[in-house]
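Novice: Here you go, one structure.
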Amino acid sequence: SMASTAYQEDVSKVIRAITEHMTEASYAGRIIGIRLVAGRTYEWMQYGVESGQLIDYSEATLTGFRSWLQERYGSADALQEAWDDSSVTFENASIPTAGERNPDGETALLNAGIGSQKKTIDYNTFLGETSARYLVKCADAAKGVRPEWLVGAYNGYSWNFTSSEAIGSAHTASSIVLQSDCIDFISSPMNYGERLEGYATGHMALSDSVQAAGKLYLLEMDNRTLHAQINGSSAD
């Protein structure tokens, strides 16, 4: 779980150890930066989203969600009004059920005016912010060893996420990432829906926002050539 502080600390230790190893390696002088990866397809999305799984129901996440709710609402009365539930408190608030998270099937559109959907919106927001803060923590670990190396990650795919794939990912809380002094660059592939021969393409990430925050934006051109074999067939 990305919400587990123990997991975050363990990963931070590994990042520091790997960065220290690279620092002492013979190729250290050829390194200019590190791109941090995690989650589904290494792009900071929650594990399981590609197969329709709904996570995270761990104890660490439940504890973190309740703390997040207390910080956000301040009082049980405010939480009860938002969720339209007179029985909910910071001590018994639960993670939304599968039915609450997908009220009309797989969708990214929810209505904050409906109590049960506001609960889901809050949980999705919590997951996104938690994932983003975890990314920043990883970046801080790397920067602590080699502050002169550039550190970045895939982030901010707001132009390309219109489904549940984005829910709970660090991409939904890009402001946290962009405000971090530990992040030097943001990268994304070119739009997967606009990359055929003769096409223009689009940025998946918020490239102008990235640059406005003083970060470097890297557009990854990962096109396959016409010689590539995809599922046994040539790419042409």
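Ordering of the structure tokens sets the chain letters (A, B, ...); residue numbers start at 1 within each chain; ligands are numbered from 1 in the order shown.
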Hey, could you make a per-residue contact list for segment 163-220 of chain A against segment 130-139 of chain A with 10 Å as the cut-off, showing the nearest pair of atoms and its distance in Å to one decimal, counting only C-alpha atoms, sorted by chain and number, as JSON lines?
Specialist:
{"residue": "A:Gly168", "atom": "CA", "partner": "A:Ser131", "partner_atom": "CA", "distance": 7.4}
{"residue": "A:Ser169", "atom": "CA", "partner": "A:Ser131", "partner_atom": "CA", "distance": 6.1}
{"residue": "A:Ala170", "atom": "CA", "partner": "A:Ala132", "partner_atom": "CA", "distance": 4.4}
{"residue": "A:His171", "atom": "CA", "partner": "A:Ala132", "partner_atom": "CA", "distance": 7.5}
{"residue": "A:Thr172", "atom": "CA", "partner": "A:Ala132", "partner_atom": "CA", "distance": 8.3}
{"residue": "A:Ala173", "atom": "CA", "partner": "A:Ala132", "partner_atom": "CA", "distance": 6.1}
{"residue": "A:Ser174", "atom": "CA", "partner": "A:Ala132", "partner_atom": "CA", "distance": 7.1}
{"residue": "A:Ser175", "atom": "CA", "partner": "A:Ala132", "partner_atom": "CA", "distance": 8.8}
{"residue": "A:Ile176", "atom": "CA", "partner": "A:Ala132", "partner_atom": "CA", "distance": 6.3}
{"residue": "A:Val177", "atom": "CA", "partner": "A:Ala132", "partner_atom": "CA", "distance": 6.1}
{"residue": "A:Leu178", "atom": "CA", "partner": "A:Val136", "partner_atom": "CA", "distance": 9.4}
{"residue": "A:Gln179", "atom": "CA", "partner": "A:Val136", "partner_atom": "CA", "distance": 9.6}
{"residue": "A:Ser180", "atom": "CA", "partner": "A:Val136", "partner_atom": "CA", "distance": 6.8}
{"residue": "A:Asp181", "atom": "CA", "partner": "A:Val136", "partner_atom": "CA", "distance": 9.0}
{"residue": "A:Cys182", "atom": "CA", "partner": "A:Ala139", "partner_atom": "CA", "distance": 5.6}
{"residue": "A:Ile183", "atom": "CA", "partner": "A:Ala139", "partner_atom": "CA", "distance": 6.5}
{"residue": "A:Asp184", "atom": "CA", "partner": "A:Ala139", "partner_atom": "CA", "distance": 9.4}
Novice: I'd like the neighbourhood of segment 200-206 of chain A as a list in words, where a residue qualifies if any of its atoms comes within 6 Å (using only C-alpha atoms), though same-chain residues fewer than 3 positions away should be ignored.
Specialist: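 Surrounding residues, per the criterion: Gly156, Tyr157, Ser158, Trp159, Asn160, Met190, Asn191, Glu194, Arg195 and Ser209 of chain A.
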Novice: Okay, now the selection with C-alpha atoms, as a compact mmCIF listing (two decimals), in the first residue's frame?
Specialist:
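New file part-v5.txt:
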# COMPACT_ATOMS: atom_id res chain seq x y z
CA GLY A 156 0.12 14.75 -14.61
CA TYR A 157 -1.63 12.76 -17.32
CA SER A 158 -4.73 14.92 -17.00
CA TRP A 159 -5.30 15.21 -20.76
CA ASN A 160 -5.33 11.45 -21.18
CA MET A 190 3.03 11.04 -26.38
CA ASN A 191 -0.73 10.48 -26.63
CA GLU A 194 -2.70 10.03 -31.80
CA ARG A 195 0.51 8.45 -32.98
CA SER A 209 1.86 23.79 -15.94
Novice: Fewer than 5 positions away in the same chain doesn't count, so skip those; otherwise give me all residues within 9 Å of segment 15-17 of chain A, counting only C-alpha atoms, as a PyMOL selection string.
Specialist: chain A and resi 10+22+138-139+141-145
Novice: Let's have the selection written as a PDB file, in the first residue's frame, with C-alpha atoms.
Specialist:
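File part.pdb, as written:
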ATOM      1  CA  ASP A  10      11.535   0.853   3.364  1.00  0.00           C
ATOM      2  CA  MET A  22      25.430   4.464  -8.484  1.00  0.00           C
ATOM      3  CA  CYS A 138      11.010   8.980  -2.944  1.00  0.00           C
ATOM      4  CA  ALA A 139      12.427  12.010  -4.748  1.00  0.00           C
ATOM      5  CA  ALA A 141      15.467  10.195  -0.737  1.00  0.00           C
ATOM      6  CA  ALA A 142      17.337  10.349  -4.038  1.00  0.00           C
ATOM      7  CA  LYS A 143      18.094  14.062  -3.738  1.00  0.00           C
ATOM      8  CA  GLY A 144      19.460  13.541  -0.262  1.00  0.00           C
ATOM      9  CA  VAL A 145      22.276  11.461  -1.726  1.00  0.00           C
TER      10      VAL A 145
END
Novice: Using DSSP on the backbone coordinates, identify all residues within segment 30-89 of chain A classified as strand (DSSP E or B); present the result as a count of residues only.
Specialist: 6
Novice: Contacts of segment 114-123 of chain A at 12 Å or less, counting only C-alpha atoms, minus same-chain residues fewer than 5 places along, as a ChimeraX atom specification?
Specialist: /A:54-57,61-62,64-70,72-73,79-86,88,93-104,107-109,128-130,164,167-169,172
Novice: Please tabulate, as a tab-separated table, the residues of segment 131-193 of chain A that come within 8 Å of segment 218-226 of chain A, each with its closest pair of atoms and the distance in Å to one decimal, counting only C-alpha atoms and ordering rows by chain, then residue number upward.
Specialist:
residue	atom	partner	partner_atom	distance
A:Phe185	CA	A:Leu218	CA	7.2
A:Ile186	CA	A:Leu218	CA	6.3
A:Ser187	CA	A:Leu218	CA	4.5
A:Ser188	CA	A:Leu219	CA	5.5
A:Pro189	CA	A:Glu220	CA	4.3
A:Met190	CA	A:Glu220	CA	6.1
Novice: At what distance in Å, to one decimal, does atom CA of Gly39 of chain A lie from atom CA of Ala112 of chain A?
Specialist: 27.6 Å
Novice: Determine which residues of segment 4-179 of chain A receive a DSSP assignment of alpha helix (DSSP H), computed from the backbone, and state them as a PyMOL selection string.
Specialist: chain A and resi 5-24+59-73+76-83+98-101+115-145+174-178
Novice: What separation in Å, quoted to one decimal, exists between atom CA of Glu91 of chain A and atom CA of Ala6 of chain A?
Specialist: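 Separation of atom CA of Glu91 of chain A and atom CA of Ala6 of chain A: 21.8 Å.
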